[in-house]
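Engineer: Supplied structure: entry.txt, compact mmCIF, C-alpha atoms.
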```
# COMPACT_ATOMS: atom_id res chain seq x y z
CA MET A 29 26.14 -7.77 -6.04
CA GLN A 30 24.52 -8.56 -2.69
CA THR A 31 21.23 -10.46 -2.49
CA ALA A 32 18.58 -8.39 -0.69
CA VAL A 33 16.21 -10.39 1.50
CA ILE A 34 13.16 -9.78 3.66
CA VAL A 35 13.53 -10.91 7.25
CA ASP A 36 10.30 -9.51 8.69
CA VAL A 37 7.27 -7.37 7.88
CA VAL A 38 4.93 -5.94 10.51
CA ARG A 39 1.94 -3.65 10.58
CA THR A 40 -0.57 -2.08 12.89
CA PRO A 41 -4.23 -2.92 12.51
CA SER A 42 -6.14 -0.65 10.14
CA GLY A 43 -8.17 2.05 11.85
CA ARG A 44 -10.92 4.06 10.22
CA GLY A 45 -9.30 7.29 9.07
CA LYS A 46 -11.76 9.74 10.54
CA PRO A 47 -12.55 11.19 13.97
CA GLY A 48 -13.62 8.38 16.25
CA GLY A 49 -11.53 5.78 14.42
CA ALA A 50 -9.68 3.35 16.67
CA LEU A 51 -6.27 4.90 15.94
CA ALA A 52 -7.37 8.52 15.59
CA GLY A 53 -6.09 9.35 19.07
CA ILE A 54 -2.53 8.28 18.27
CA HIS A 55 -0.05 10.79 16.87
CA PRO A 56 1.27 9.51 13.51
CA VAL A 57 4.87 9.74 14.77
CA ASP A 58 4.00 7.39 17.62
CA LEU A 59 2.06 5.11 15.26
CA ALA A 60 5.16 4.79 13.06
CA ALA A 61 7.45 4.44 16.06
CA GLY A 62 5.48 1.41 17.21
CA VAL A 63 6.24 -0.63 14.08
CA LEU A 64 9.91 0.43 14.13
CA ALA A 65 10.26 -0.72 17.74
CA ALA A 66 8.49 -3.98 16.90
CA VAL A 67 10.99 -4.74 14.13
CA LEU A 68 13.85 -4.49 16.62
CA ASP A 69 12.03 -6.44 19.30
CA ARG A 70 11.12 -9.32 16.98
CA SER A 71 14.57 -9.56 15.39
CA GLY A 72 16.69 -9.03 18.49
CA LEU A 73 18.70 -6.36 16.70
CA GLU A 74 20.10 -3.22 18.33
CA SER A 75 19.09 0.05 16.73
CA VAL A 76 22.73 0.97 16.04
CA GLN A 77 22.84 -1.94 13.58
CA ILE A 78 20.27 -0.21 11.33
CA ASP A 79 21.99 1.72 8.55
CA ASP A 80 18.94 3.76 7.57
CA VAL A 81 15.17 4.03 7.96
CA LEU A 82 13.17 4.94 4.84
CA MET A 83 9.61 6.00 5.64
CA GLY A 84 6.79 6.45 3.13
CA CYS A 85 4.23 9.16 3.86
CA VAL A 86 2.01 11.08 1.44
CA SER A 87 0.66 14.07 3.37
CA GLN A 88 3.92 15.43 4.76
CA VAL A 89 2.47 18.39 6.62
CA GLY A 90 1.39 19.17 10.18
CA GLU A 91 1.89 16.17 12.44
CA GLN A 92 3.36 14.25 9.49
CA GLY A 93 5.83 16.99 8.55
CA ALA A 94 9.42 17.65 9.59
CA ASN A 95 10.69 14.33 8.16
CA ILE A 96 8.33 12.01 10.01
CA GLY A 97 10.75 9.13 9.43
CA ARG A 98 13.38 10.80 11.62
CA GLN A 99 10.77 11.81 14.21
CA ALA A 100 9.60 8.18 14.41
CA VAL A 101 13.17 6.92 14.82
CA LEU A 102 13.62 9.22 17.80
CA ALA A 103 10.19 8.39 19.26
CA ALA A 104 10.95 4.67 18.97
CA GLY A 105 14.02 5.11 21.16
CA PHE A 106 16.51 4.31 18.41
CA ASP A 107 20.05 5.50 18.89
CA GLU A 108 20.48 9.09 17.73
CA THR A 109 23.03 7.92 15.15
CA VAL A 110 20.32 6.15 13.09
CA PRO A 111 19.28 8.36 10.14
CA ALA A 112 15.96 8.42 8.34
CA ALA A 113 14.32 9.90 5.26
CA THR A 114 10.70 10.36 4.26
CA ILE A 115 9.54 9.45 0.75
CA ASP A 116 6.51 10.58 -1.25
CA ARG A 117 5.58 8.54 -4.29
CA GLN A 118 1.92 9.00 -3.50
CA CYS A 119 0.15 5.69 -2.74
CA GLY A 120 3.35 3.78 -3.54
CA SER A 121 5.47 5.69 -1.02
CA SER A 122 6.38 2.76 1.21
CA GLN A 123 6.67 0.38 -1.74
CA GLN A 124 9.21 2.84 -3.12
CA ALA A 125 10.89 2.86 0.30
CA VAL A 126 11.20 -0.92 -0.04
CA HIS A 127 12.73 -0.53 -3.51
CA PHE A 128 15.27 2.02 -2.31
CA ALA A 129 16.12 -0.12 0.71
CA ALA A 130 16.60 -3.33 -1.28
CA GLN A 131 18.49 -1.58 -4.06
CA GLY A 132 20.79 0.02 -1.46
CA VAL A 133 21.52 -3.41 -0.02
CA MET A 134 22.16 -4.88 -3.46
CA ALA A 135 24.54 -2.02 -4.27
CA GLY A 136 26.46 -2.52 -1.04
CA ALA A 137 25.43 0.83 0.45
CA TYR A 138 23.45 -0.83 3.27
CA ASP A 139 23.76 -4.00 5.32
CA ILE A 140 20.50 -3.58 7.26
CA VAL A 141 17.70 -1.11 6.56
CA ILE A 142 14.07 -0.65 7.56
CA ALA A 143 11.54 0.38 4.92
CA ALA A 144 8.32 1.63 6.47
CA GLY A 145 5.24 3.74 5.96
CA VAL A 146 2.65 5.65 7.92
CA GLU A 147 -0.49 7.67 7.32
CA SER A 148 -2.95 9.05 9.83
CA MET A 149 -5.76 10.13 7.56
CA SER A 150 -7.94 11.04 10.54
CA ARG A 151 -5.42 13.58 11.85
CA VAL A 152 -3.84 14.75 8.58
CA PRO A 153 -6.56 14.56 5.92
CA LEU A 154 -5.61 13.31 2.48
CA GLY A 155 -4.59 16.25 0.30
CA SER A 156 -3.47 18.41 3.22
CA SER A 157 0.01 18.85 1.80
CA ALA A 158 -1.40 20.29 -1.44
CA ALA A 159 -4.27 22.28 0.06
CA GLY A 160 -4.54 25.74 -1.44
CA ALA A 161 -1.76 25.20 -3.95
CA PRO A 162 -2.75 26.54 -7.40
CA PRO A 163 -2.00 24.38 -10.45
CA ALA A 164 1.44 24.96 -11.90
CA PRO A 165 1.32 26.97 -15.13
CA GLY A 166 3.49 24.43 -16.93
CA VAL A 167 1.13 21.58 -16.08
CA THR A 168 -1.90 23.68 -17.02
CA ARG A 169 -0.38 24.45 -20.40
CA ARG A 170 0.23 20.76 -21.04
CA TYR A 171 -3.21 19.65 -19.79
CA PRO A 172 -5.49 22.63 -20.49
CA ALA A 173 -8.64 20.63 -19.67
CA GLY A 174 -7.15 19.98 -16.23
CA LEU A 175 -6.25 16.88 -14.30
CA VAL A 176 -8.90 15.10 -12.23
CA ASN A 177 -9.24 13.47 -8.83
CA GLN A 178 -8.64 9.75 -8.45
CA GLY A 179 -12.33 8.95 -8.16
CA VAL A 180 -12.98 10.34 -11.63
CA SER A 181 -9.98 8.36 -12.90
CA ALA A 182 -11.54 5.22 -11.41
CA GLU A 183 -14.74 6.03 -13.32
CA LEU A 184 -12.78 6.46 -16.56
CA ILE A 185 -11.17 3.05 -16.04
CA ALA A 186 -14.53 1.42 -15.38
CA HIS A 187 -15.87 2.94 -18.59
CA ARG A 188 -12.87 1.93 -20.71
CA TRP A 189 -12.93 -1.69 -19.52
CA GLY A 190 -16.72 -2.01 -19.55
CA LEU A 191 -17.06 -2.52 -15.81
CA GLY A 192 -20.58 -1.89 -14.53
CA ARG A 193 -21.87 -1.18 -11.05
CA ASP A 194 -22.57 -4.87 -10.42
CA ASP A 195 -18.97 -5.77 -11.32
CA LEU A 196 -17.53 -3.18 -8.95
CA ASP A 197 -19.85 -4.02 -6.07
CA ALA A 198 -19.41 -7.79 -6.46
CA TYR A 199 -15.63 -7.39 -6.38
CA SER A 200 -15.85 -5.18 -3.28
CA ALA A 201 -18.08 -7.61 -1.40
CA ARG A 202 -15.61 -10.36 -2.26
CA SER A 203 -12.74 -8.30 -0.83
CA HIS A 204 -14.54 -7.98 2.50
CA ARG A 205 -15.49 -11.66 2.46
CA ARG A 206 -11.91 -12.77 1.82
CA ALA A 207 -10.42 -10.39 4.39
CA ALA A 208 -12.95 -11.47 7.01
CA ALA A 209 -12.15 -15.14 6.39
CA ALA A 210 -8.40 -14.48 6.66
CA GLN A 211 -8.99 -12.47 9.84
CA THR A 212 -11.08 -15.27 11.38
CA ASP A 213 -8.44 -17.86 10.46
CA GLY A 214 -5.68 -15.79 12.08
CA LEU A 215 -3.77 -15.39 8.82
CA PHE A 216 -2.80 -11.80 9.62
CA ASP A 217 -1.77 -12.47 13.20
CA SER A 218 1.93 -13.01 12.53
CA GLN A 219 2.21 -9.53 10.98
CA LEU A 220 0.18 -7.53 13.47
CA VAL A 221 1.75 -5.29 16.08
CA PRO A 222 -0.63 -4.90 19.05
CA VAL A 223 -1.89 -1.36 19.55
CA GLU A 224 -3.60 -0.49 22.80
CA VAL A 225 -5.68 2.68 22.88
CA ALA A 226 -6.63 4.92 25.77
CA ASP A 227 -9.64 2.92 26.95
CA GLY A 228 -7.56 -0.27 27.14
CA ARG A 229 -8.96 -1.86 23.98
CA HIS A 230 -6.65 -3.72 21.61
CA VAL A 231 -7.36 -2.55 18.09
CA VAL A 232 -8.26 -4.95 15.27
CA ASP A 233 -8.68 -4.22 11.55
CA GLU A 234 -11.84 -2.16 11.93
CA THR A 235 -12.23 -1.46 8.20
CA VAL A 236 -13.22 -5.08 7.46
CA ARG A 237 -17.02 -5.49 7.26
CA PRO A 238 -17.86 -9.22 7.13
CA SER A 239 -21.57 -8.58 6.54
CA THR A 240 -21.03 -6.55 3.34
CA THR A 241 -23.29 -7.65 0.49
CA VAL A 242 -23.76 -6.59 -3.10
CA ALA A 243 -27.34 -5.63 -2.26
CA ALA A 244 -26.19 -3.25 0.48
CA LEU A 245 -23.45 -1.77 -1.69
CA SER A 246 -25.91 -1.17 -4.52
CA THR A 247 -27.78 1.41 -2.43
CA LEU A 248 -24.81 3.77 -2.16
CA PRO A 249 -24.75 6.89 -4.35
CA PRO A 250 -21.91 7.75 -6.75
CA ALA A 251 -19.17 9.48 -4.79
CA PHE A 252 -17.42 11.54 -7.45
CA ARG A 253 -20.17 12.83 -9.74
CA THR A 254 -20.19 16.62 -9.86
CA PRO A 255 -21.73 19.01 -12.40
CA GLU A 256 -18.25 19.91 -13.64
CA ALA A 257 -17.22 16.26 -14.06
CA GLU A 258 -20.50 15.38 -15.77
CA ALA A 259 -20.02 18.23 -18.24
CA ARG A 260 -16.49 17.12 -19.08
CA PHE A 261 -17.12 13.36 -19.17
CA ALA A 262 -20.60 12.93 -20.60
CA GLN A 263 -19.84 9.28 -21.48
CA LEU A 264 -19.59 8.17 -17.85
CA THR A 265 -22.43 6.41 -16.02
CA TRP A 266 -20.98 7.08 -12.54
CA ASN A 267 -20.62 3.77 -10.73
CA VAL A 268 -17.81 4.46 -8.24
CA THR A 269 -19.08 4.75 -4.66
CA ALA A 270 -17.65 4.80 -1.17
CA GLY A 271 -18.44 1.08 -1.02
CA ASN A 272 -16.34 0.06 -4.03
CA SER A 273 -13.48 2.37 -3.08
CA SER A 274 -10.85 1.95 -0.38
CA PRO A 275 -11.72 3.72 2.89
CA LEU A 276 -9.69 6.46 4.56
CA THR A 277 -7.42 4.66 6.99
CA ASP A 278 -4.90 5.13 9.80
CA ALA A 279 -2.02 2.62 9.91
CA ALA A 280 1.73 2.06 9.91
CA SER A 281 3.85 -0.82 8.61
CA ALA A 282 7.53 -1.73 8.32
CA ALA A 283 9.83 -4.26 6.61
CA LEU A 284 13.26 -5.40 7.79
CA ILE A 285 15.53 -5.77 4.77
CA MET A 286 19.17 -6.82 4.70
CA SER A 287 21.77 -8.66 2.70
CA GLU A 288 21.42 -12.42 2.77
CA SER A 289 24.97 -12.78 4.09
CA THR A 290 24.21 -10.39 6.96
CA ALA A 291 21.05 -12.29 7.86
CA LEU A 292 22.88 -15.60 7.96
CA ARG A 293 25.75 -14.13 9.96
CA LEU A 294 23.29 -12.81 12.55
CA GLY A 295 21.31 -16.04 12.70
CA LEU A 296 18.19 -14.48 11.16
CA ARG A 297 16.05 -16.34 8.63
CA PRO A 298 15.72 -14.81 5.15
CA ARG A 299 12.06 -15.30 4.23
CA ALA A 300 12.12 -14.00 0.66
CA ARG A 301 14.45 -12.34 -1.80
CA PHE A 302 13.75 -9.51 -4.19
CA HIS A 303 13.53 -10.88 -7.70
CA ALA A 304 12.71 -7.75 -9.75
CA PHE A 305 11.61 -4.12 -9.45
CA THR A 306 10.18 -1.47 -11.72
CA VAL A 307 8.46 1.90 -11.56
CA VAL A 308 6.63 3.56 -14.45
CA GLY A 309 4.82 6.73 -15.36
CA ASP A 310 1.49 6.66 -17.20
CA ASP A 311 -1.38 8.91 -18.30
CA PRO A 312 -2.04 11.33 -15.39
CA VAL A 313 -5.72 11.73 -16.27
CA MET A 314 -6.48 8.00 -16.37
CA MET A 315 -3.93 8.01 -13.53
CA LEU A 316 -4.64 4.59 -12.01
CA THR A 317 -3.75 2.41 -15.00
CA GLY A 318 -0.03 2.36 -14.16
CA PRO A 319 -0.04 -1.19 -12.72
CA ILE A 320 -0.72 -2.53 -16.23
CA PRO A 321 2.48 -1.24 -17.94
CA ALA A 322 4.40 -1.79 -14.69
CA THR A 323 3.39 -5.46 -14.69
CA ARG A 324 4.31 -5.88 -18.35
CA ARG A 325 7.72 -4.37 -17.74
CA ILE A 326 8.52 -6.33 -14.59
CA LEU A 327 7.46 -9.66 -16.10
CA ASP A 328 9.74 -8.95 -19.05
CA ARG A 329 12.62 -8.04 -16.75
CA ALA A 330 12.10 -11.09 -14.57
CA GLY A 331 11.66 -13.50 -17.49
CA LEU A 332 8.37 -14.71 -16.02
CA SER A 333 4.79 -14.99 -17.24
CA ILE A 334 1.65 -14.20 -15.28
CA ASP A 335 1.14 -17.95 -14.84
CA ASP A 336 4.48 -18.24 -13.02
CA LEU A 337 3.17 -16.04 -10.21
CA ASP A 338 1.48 -17.72 -7.27
CA ALA A 339 -0.21 -14.56 -5.99
CA TYR A 340 -0.67 -10.98 -7.05
CA GLU A 341 -1.39 -8.08 -4.72
CA VAL A 342 -2.84 -5.30 -6.88
CA ASN A 343 -3.80 -2.44 -4.61
CA GLU A 344 -7.55 -1.94 -4.39
CA ALA A 345 -7.63 1.84 -4.40
CA PHE A 346 -10.90 1.38 -6.31
CA ALA A 347 -12.47 -1.86 -7.51
CA SER A 348 -12.03 -0.85 -11.15
CA VAL A 349 -8.21 -0.87 -10.80
CA PRO A 350 -7.61 -4.59 -10.06
CA LEU A 351 -10.50 -5.61 -12.32
CA ALA A 352 -9.01 -3.78 -15.31
CA TRP A 353 -5.59 -5.25 -14.46
CA GLN A 354 -7.09 -8.75 -14.24
CA HIS A 355 -8.73 -8.32 -17.63
CA GLU A 356 -5.50 -7.18 -19.30
CA PHE A 357 -3.53 -10.21 -18.11
CA ALA A 358 -6.30 -12.82 -18.08
CA ALA A 359 -5.15 -13.33 -14.51
CA ASP A 360 -6.55 -15.99 -12.20
CA PRO A 361 -9.06 -14.26 -9.88
CA GLU A 362 -8.25 -16.76 -7.13
CA ARG A 363 -4.65 -15.48 -7.02
CA LEU A 364 -5.67 -11.81 -7.08
CA ASN A 365 -5.70 -10.33 -3.58
CA PRO A 366 -6.59 -13.73 -2.10
CA TRP A 367 -6.89 -12.42 1.47
CA GLY A 368 -8.84 -9.33 0.47
CA GLY A 369 -7.40 -5.95 -0.33
CA ALA A 370 -7.57 -2.28 0.49
CA ILE A 371 -11.33 -2.05 -0.02
CA ALA A 372 -11.63 -4.18 3.11
CA LEU A 373 -8.27 -3.81 4.84
CA GLY A 374 -7.95 -0.09 4.27
CA HIS A 375 -5.59 2.14 2.35
CA ALA A 376 -3.47 4.24 4.72
CA VAL A 377 -1.73 5.60 1.65
CA GLY A 378 1.82 6.03 2.97
CA ALA A 379 1.73 2.66 4.73
CA SER A 380 0.03 0.55 2.07
CA GLY A 381 3.14 -0.53 0.18
CA THR A 382 4.74 -2.31 3.12
CA ARG A 383 1.32 -3.59 4.23
CA LEU A 384 0.81 -5.29 0.86
CA LEU A 385 4.33 -6.72 1.00
CA GLY A 386 3.61 -8.34 4.35
CA THR A 387 0.32 -9.80 3.14
CA LEU A 388 1.95 -11.17 -0.01
CA LEU A 389 4.83 -12.75 1.90
CA ALA A 390 2.53 -14.32 4.49
CA HIS A 391 0.31 -15.75 1.75
CA LEU A 392 3.26 -17.29 -0.10
CA GLU A 393 4.47 -18.88 3.12
CA HIS A 394 1.01 -20.15 4.03
CA THR A 395 0.41 -21.72 0.63
CA GLY A 396 3.96 -22.76 -0.29
CA GLY A 397 3.99 -20.44 -3.31
CA ARG A 398 7.25 -19.29 -4.85
CA TYR A 399 6.74 -16.00 -6.70
CA GLY A 400 4.50 -13.08 -5.80
CA LEU A 401 3.80 -9.76 -7.50
CA GLN A 402 2.91 -6.52 -5.77
CA THR A 403 1.84 -3.46 -7.76
CA MET A 404 0.31 -0.15 -6.78
CA CYS A 405 -1.40 2.65 -8.70
CA GLU A 406 -0.20 6.08 -7.64
CA GLY A 407 -1.35 9.69 -7.85
CA GLY A 408 -0.13 11.58 -10.89
CA GLY A 409 -0.17 8.46 -13.07
CA MET A 410 2.60 6.19 -11.77
CA ALA A 411 3.00 2.64 -10.48
CA ASN A 412 5.58 0.53 -8.69
CA ALA A 413 5.85 -3.21 -9.18
CA THR A 414 7.84 -5.73 -7.16
CA ILE A 415 8.34 -9.48 -7.55
CA ILE A 416 9.53 -11.43 -4.52
CA GLU A 417 10.60 -15.06 -4.31
CA ARG A 418 9.87 -17.01 -1.16
CA LEU A 419 12.93 -18.76 0.29
```
Please lay out the structure from this file as structure tokens.

Structural biologist:
Amino acid sequence: MQTAVIVDVVRTPSGRGKPGGALAGIHPVDLAAGVLAAVLDRSGLESVQIDDVLMGCVSQVGEQGANIGRQAVLAAGFDETVPAATIDRQCGSSQQAVHFAAQGVMAGAYDIVIAAGVESMSRVPLGSSAAGAPPAPGVTRRYPAGLVNQGVSAELIAHRWGLGRDDLDAYSARSHRRAAAAQTDGLFDSQLVPVEVADGRHVVDETVRPSTTVAALSTLPPAFRTPEAEARFAQLTWNVTAGNSSPLTDAASAALIMSESTALRLGLRPRARFHAFTVVGDDPVMMLTGPIPATRRILDRAGLSIDDLDAYEVNEAFASVPLAWQHEFAADPERLNPWGGAIALGHAVGASGTRLLGTLLAHLEHTGGRYGLQTMCEGGGMANATIIERL
């Protein structure tokens, strides 16, 4: 079996995913094409050497429809012989693209593959691909009370793990503080692909708010309390706000993955190898708890304990998700999203998996760590988990 390695990971800055955001004027195909072109430029590879491009994207409709992975390959100027596929595993779409890419290399089906992701939430609003679709009768029969949106799931998690408003807001302020410090220290610079917009500005991560405080966050109203939700979940105190949730975001990211033997033959440096993978399903009403069983399973498969991991990137869809995960594993808070997470850096859902991978790899290299875990809660009650080993 081949060893699958990471040679490079790149991303765009994170733009606010609403009209007027820094990247809102860029078509999502062109946003994705930019990171694909950067992978070739930085590695010195020719596009014909790429066996496949696997692109994560959640809202595959409108400008993100028609297999956006293939559209991005063509827009990036890749040779027409390079194929592509688009993957939807909700928020874990590009993390799943990474899994498929690495597993294909390990199986001998690929030598070189790009796993990537894109989401323009300003141009293709979240939920667009499901807009107007009635619930399936089979699902309704199984869950007669109905499924819920992710914000309500985040409230259910906060209630189950006893997380109050102060806990959620303090965690969120910390995310912004850590991301701002990493930004100031240039720790993201090696991953960033410059994006120039129409007025000549070079975009930076505009979702990071260095001045965020718990006091300011405490003034925000609950974002997901409705009369219907209150009637169904009378036990909830409603503490999830826009401030302790990840913001809508525009971004793209990409990882260059190949066999170790191919990297060495081409004179490219393998930066990390894939140590273990898993994906799980979980309760679709709680929905966002999947990283907990995913972590248990991947640690068992890898023969590691939580203390063997030097960093853990647990996606901050909502503050309650990593806090519940931290509680379950008695995990070191200093190793949890040490450079901030999606609450500060944004959650461009289709692109977040490869974005987290790049942050995790850069942190391991910066600190000399060996093992890192990445895990992501996903719509419908699922989660991917990945363990990488720095080389």

Engineer: Determine the nearest neighbour of Arg44 of chain A from the options A:Arg193, A:His375, A:Arg117, A:Arg98, counting only C-alpha atoms.

Structural biologist: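 Checking each of A:Arg193, A:His375, A:Arg117, A:Arg98 against Arg44 of chain A, counting only C-alpha atoms, the winner is A:His375.
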
Engineer: May I ask for the distance between atom CA of Val110 of chain A and atom CA of Val76 of chain A, given in Å to one decimal place?

Structural biologist: 6.4 Å

Engineer: What does the distance from atom CA of Tyr399 of chain A to atom CA of Leu327 of chain A come to in Å, to one decimal?

Structural biologist: 11.4 Å

Engineer: Counting only C-alpha atoms, give me one row per residue of segment 209-299 of chain A with an atom at most 12 Å from an atom of segment 156-174 of chain A, showing the shortest contact pair and its distance in Å to one decimal, sorted by chain then residue number, as JSON lines.

Structural biologist:
```
{"residue": "A:Glu256", "atom": "CA", "partner": "A:Ala173", "partner_atom": "CA", "distance": 11.4}
{"residue": "A:Ala257", "atom": "CA", "partner": "A:Gly174", "partner_atom": "CA", "distance": 11.0}
{"residue": "A:Ala259", "atom": "CA", "partner": "A:Ala173", "partner_atom": "CA", "distance": 11.7}
{"residue": "A:Arg260", "atom": "CA", "partner": "A:Ala173", "partner_atom": "CA", "distance": 8.6}
{"residue": "A:Phe261", "atom": "CA", "partner": "A:Ala173", "partner_atom": "CA", "distance": 11.2}
```

Engineer: Which one of A:Ala291, A:Leu389, A:Leu154, A:Ala339 sits closest to Ile140 of chain A if you count all atoms listed in the file?

Structural biologist: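 Closest residue, counting all atoms listed in the file: A:Ala291.
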
Engineer: What's around Gly72 of chain A at 10 Å? Count all atoms listed in the file, leave out sequence neighbours fewer than 6 positions away in its own chain, and write the answer as a PyMOL selection string.

Structural biologist: chain A and resi 66+294+296

Engineer: How about saving the chosen residues, C-alpha atoms kept, as a PDB file, in the coordinates of the input?

Structural biologist:
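Result saved to again_19.pdb:
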```pdb
ATOM      1  CA  ALA A  66       8.490  -3.980  16.900  1.00  0.00           C
ATOM      2  CA  LEU A 294      23.290 -12.810  12.550  1.00  0.00           C
ATOM      3  CA  LEU A 296      18.190 -14.480  11.160  1.00  0.00           C
TER       4      LEU A 296
END
```

Engineer: Please provide as a PyMOL selection string all residues within 6 Å of segment 287-290 of chain A, with the sequence filter that same-chain residues fewer than 3 positions apart are discarded (counting all atoms listed in the file).

Structural biologist: chain A and resi 31-33+133+139+293

Engineer: Could those selected residues go to a file with C-alpha atoms, as an mmCIF file, keeping the file's coordinate frame?

Structural biologist:
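Dumped everything to result.cif:
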```cif
data_model
loop_
_atom_site.group_PDB
_atom_site.id
_atom_site.type_symbol
_atom_site.label_atom_id
_atom_site.label_comp_id
_atom_site.auth_asym_id
_atom_site.auth_seq_id
_atom_site.Cartn_x
_atom_site.Cartn_y
_atom_site.Cartn_z
ATOM 1 C CA THR A 31 21.230 -10.460 -2.490
ATOM 2 C CA ALA A 32 18.580 -8.390 -0.690
ATOM 3 C CA VAL A 33 16.210 -10.390 1.500
ATOM 4 C CA VAL A 133 21.520 -3.410 -0.020
ATOM 5 C CA ASP A 139 23.760 -4.000 5.320
ATOM 6 C CA ARG A 293 25.750 -14.130 9.960
#
```

Engineer: Between A:Val349, A:Ala201, A:Ile371, A:Val67, which has the minimum distance to Arg188 of chain A (counting only C-alpha atoms)?

Structural biologist: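 Going through A:Val349, A:Ala201, A:Ile371, A:Val67 one by one, the smallest distance to Arg188 of chain A is for A:Val349.
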
Engineer: Would you pick out the contacts of Pro321 of chain A at 12 Å or less, using all atoms listed in the file, so that residues sharing its chain but fewer than 3 positions from it are not included, and give the list as a VMD selection string?

Structural biologist: chain A and resid 306 to 311 316 to 318 324 to 328 353 356 to 357 403 to 405 409 to 413

Engineer: Which residues, protein or nucleic acid, reach to within 12 Å of (7.8, 13.0, 10.5) in the file's coordinates when using all atoms listed in the file, and can you give that as a PyMOL selection string?

Structural biologist: chain A and resi 55-61+81-103+112-115+145-148+152+378

Engineer: Please compute the atom CA of Phe305 of chain A-atom CA of Pro111 of chain A distance, one decimal, in Å.

Structural biologist: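 Atom CA of Pro111 of chain A lies 24.5 Å from atom CA of Phe305 of chain A.
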
Engineer: Do you know which residues are at most 12 Å from Ala209 of chain A counting all atoms listed in the file, after dropping those on the same chain fewer than 2 positions away, and could you put them as a short mmCIF file (atom, residue, chain, number, x, y, z; two decimals) with C-alpha atoms, in the coordinates of the input?

Structural biologist:
```cif
data_model
loop_
_atom_site.label_atom_id
_atom_site.label_comp_id
_atom_site.auth_asym_id
_atom_site.auth_seq_id
_atom_site.Cartn_x
_atom_site.Cartn_y
_atom_site.Cartn_z
CA ARG A 202 -15.61 -10.36 -2.26
CA SER A 203 -12.74 -8.30 -0.83
CA HIS A 204 -14.54 -7.98 2.50
CA ARG A 205 -15.49 -11.66 2.46
CA ARG A 206 -11.91 -12.77 1.82
CA ALA A 207 -10.42 -10.39 4.39
CA GLN A 211 -8.99 -12.47 9.84
CA THR A 212 -11.08 -15.27 11.38
CA ASP A 213 -8.44 -17.86 10.46
CA GLY A 214 -5.68 -15.79 12.08
CA LEU A 215 -3.77 -15.39 8.82
CA PHE A 216 -2.80 -11.80 9.62
CA VAL A 236 -13.22 -5.08 7.46
CA ARG A 237 -17.02 -5.49 7.26
CA PRO A 238 -17.86 -9.22 7.13
CA SER A 239 -21.57 -8.58 6.54
CA PRO A 366 -6.59 -13.73 -2.10
CA TRP A 367 -6.89 -12.42 1.47
CA GLY A 368 -8.84 -9.33 0.47
CA ALA A 372 -11.63 -4.18 3.11
#
```

Engineer: Counting all atoms listed in the file, which of A:Val268, A:Ala345, A:Ala282, A:Ala244 gets nearest to Ala143 of chain A?

Structural biologist: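 Using all atoms listed in the file, Ala143 of chain A sits closest to A:Ala282.
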
Engineer: With only C-alpha atoms as the atoms that count, which of A:Val63, A:Met149, A:Ala137, A:Ile78 lies nearest to Gly48 of chain A?

Structural biologist: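 Closest to Gly48 of chain A of all the choices is A:Met149.
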
Engineer: Have a look at A:Asp233, A:Asp195, A:Asp336, A:Asp227 and name the one nearest to Pro350 of chain A; count only C-alpha atoms.

Structural biologist: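 Of A:Asp233, A:Asp195, A:Asp336, A:Asp227, the one nearest Pro350 of chain A, counting only C-alpha atoms, is A:Asp195.
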
Engineer: Please provide as a PDB file with C-alpha atoms, in the frame of the given file all residues within 10 Å of Glu417 of chain A, with the sequence filter that same-chain residues fewer than 2 positions apart are discarded (counting all atoms listed in the file).

Structural biologist:
```
ATOM      1  CA  VAL A  33      16.210 -10.390   1.500  1.00  0.00           C
ATOM      2  CA  ILE A  34      13.160  -9.780   3.660  1.00  0.00           C
ATOM      3  CA  ARG A 299      12.060 -15.300   4.230  1.00  0.00           C
ATOM      4  CA  ALA A 300      12.120 -14.000   0.660  1.00  0.00           C
ATOM      5  CA  ARG A 301      14.450 -12.340  -1.800  1.00  0.00           C
ATOM      6  CA  PHE A 302      13.750  -9.510  -4.190  1.00  0.00           C
ATOM      7  CA  HIS A 303      13.530 -10.880  -7.700  1.00  0.00           C
ATOM      8  CA  ALA A 304      12.710  -7.750  -9.750  1.00  0.00           C
ATOM      9  CA  LEU A 337       3.170 -16.040 -10.210  1.00  0.00           C
ATOM     10  CA  ASP A 338       1.480 -17.720  -7.270  1.00  0.00           C
ATOM     11  CA  LEU A 389       4.830 -12.750   1.900  1.00  0.00           C
ATOM     12  CA  LEU A 392       3.260 -17.290  -0.100  1.00  0.00           C
ATOM     13  CA  GLY A 397       3.990 -20.440  -3.310  1.00  0.00           C
ATOM     14  CA  ARG A 398       7.250 -19.290  -4.850  1.00  0.00           C
ATOM     15  CA  TYR A 399       6.740 -16.000  -6.700  1.00  0.00           C
ATOM     16  CA  GLY A 400       4.500 -13.080  -5.800  1.00  0.00           C
ATOM     17  CA  LEU A 401       3.800  -9.760  -7.500  1.00  0.00           C
ATOM     18  CA  ILE A 415       8.340  -9.480  -7.550  1.00  0.00           C
ATOM     19  CA  LEU A 419      12.930 -18.760   0.290  1.00  0.00           C
TER      20      LEU A 419
END
```

Engineer: As lines of an AutoDock Vina configuration file, please: the centre and edge lengths in Å, to one decimal, of an axis-aligned box enclosing every listed atom of segment 246-259 of chain A with 3 Å added on each side.

Structural biologist:
```
center_x = -22.5
center_y = 9.4
center_z = -10.2
size_x = 16.6
size_y = 27.1
size_z = 22.1
```
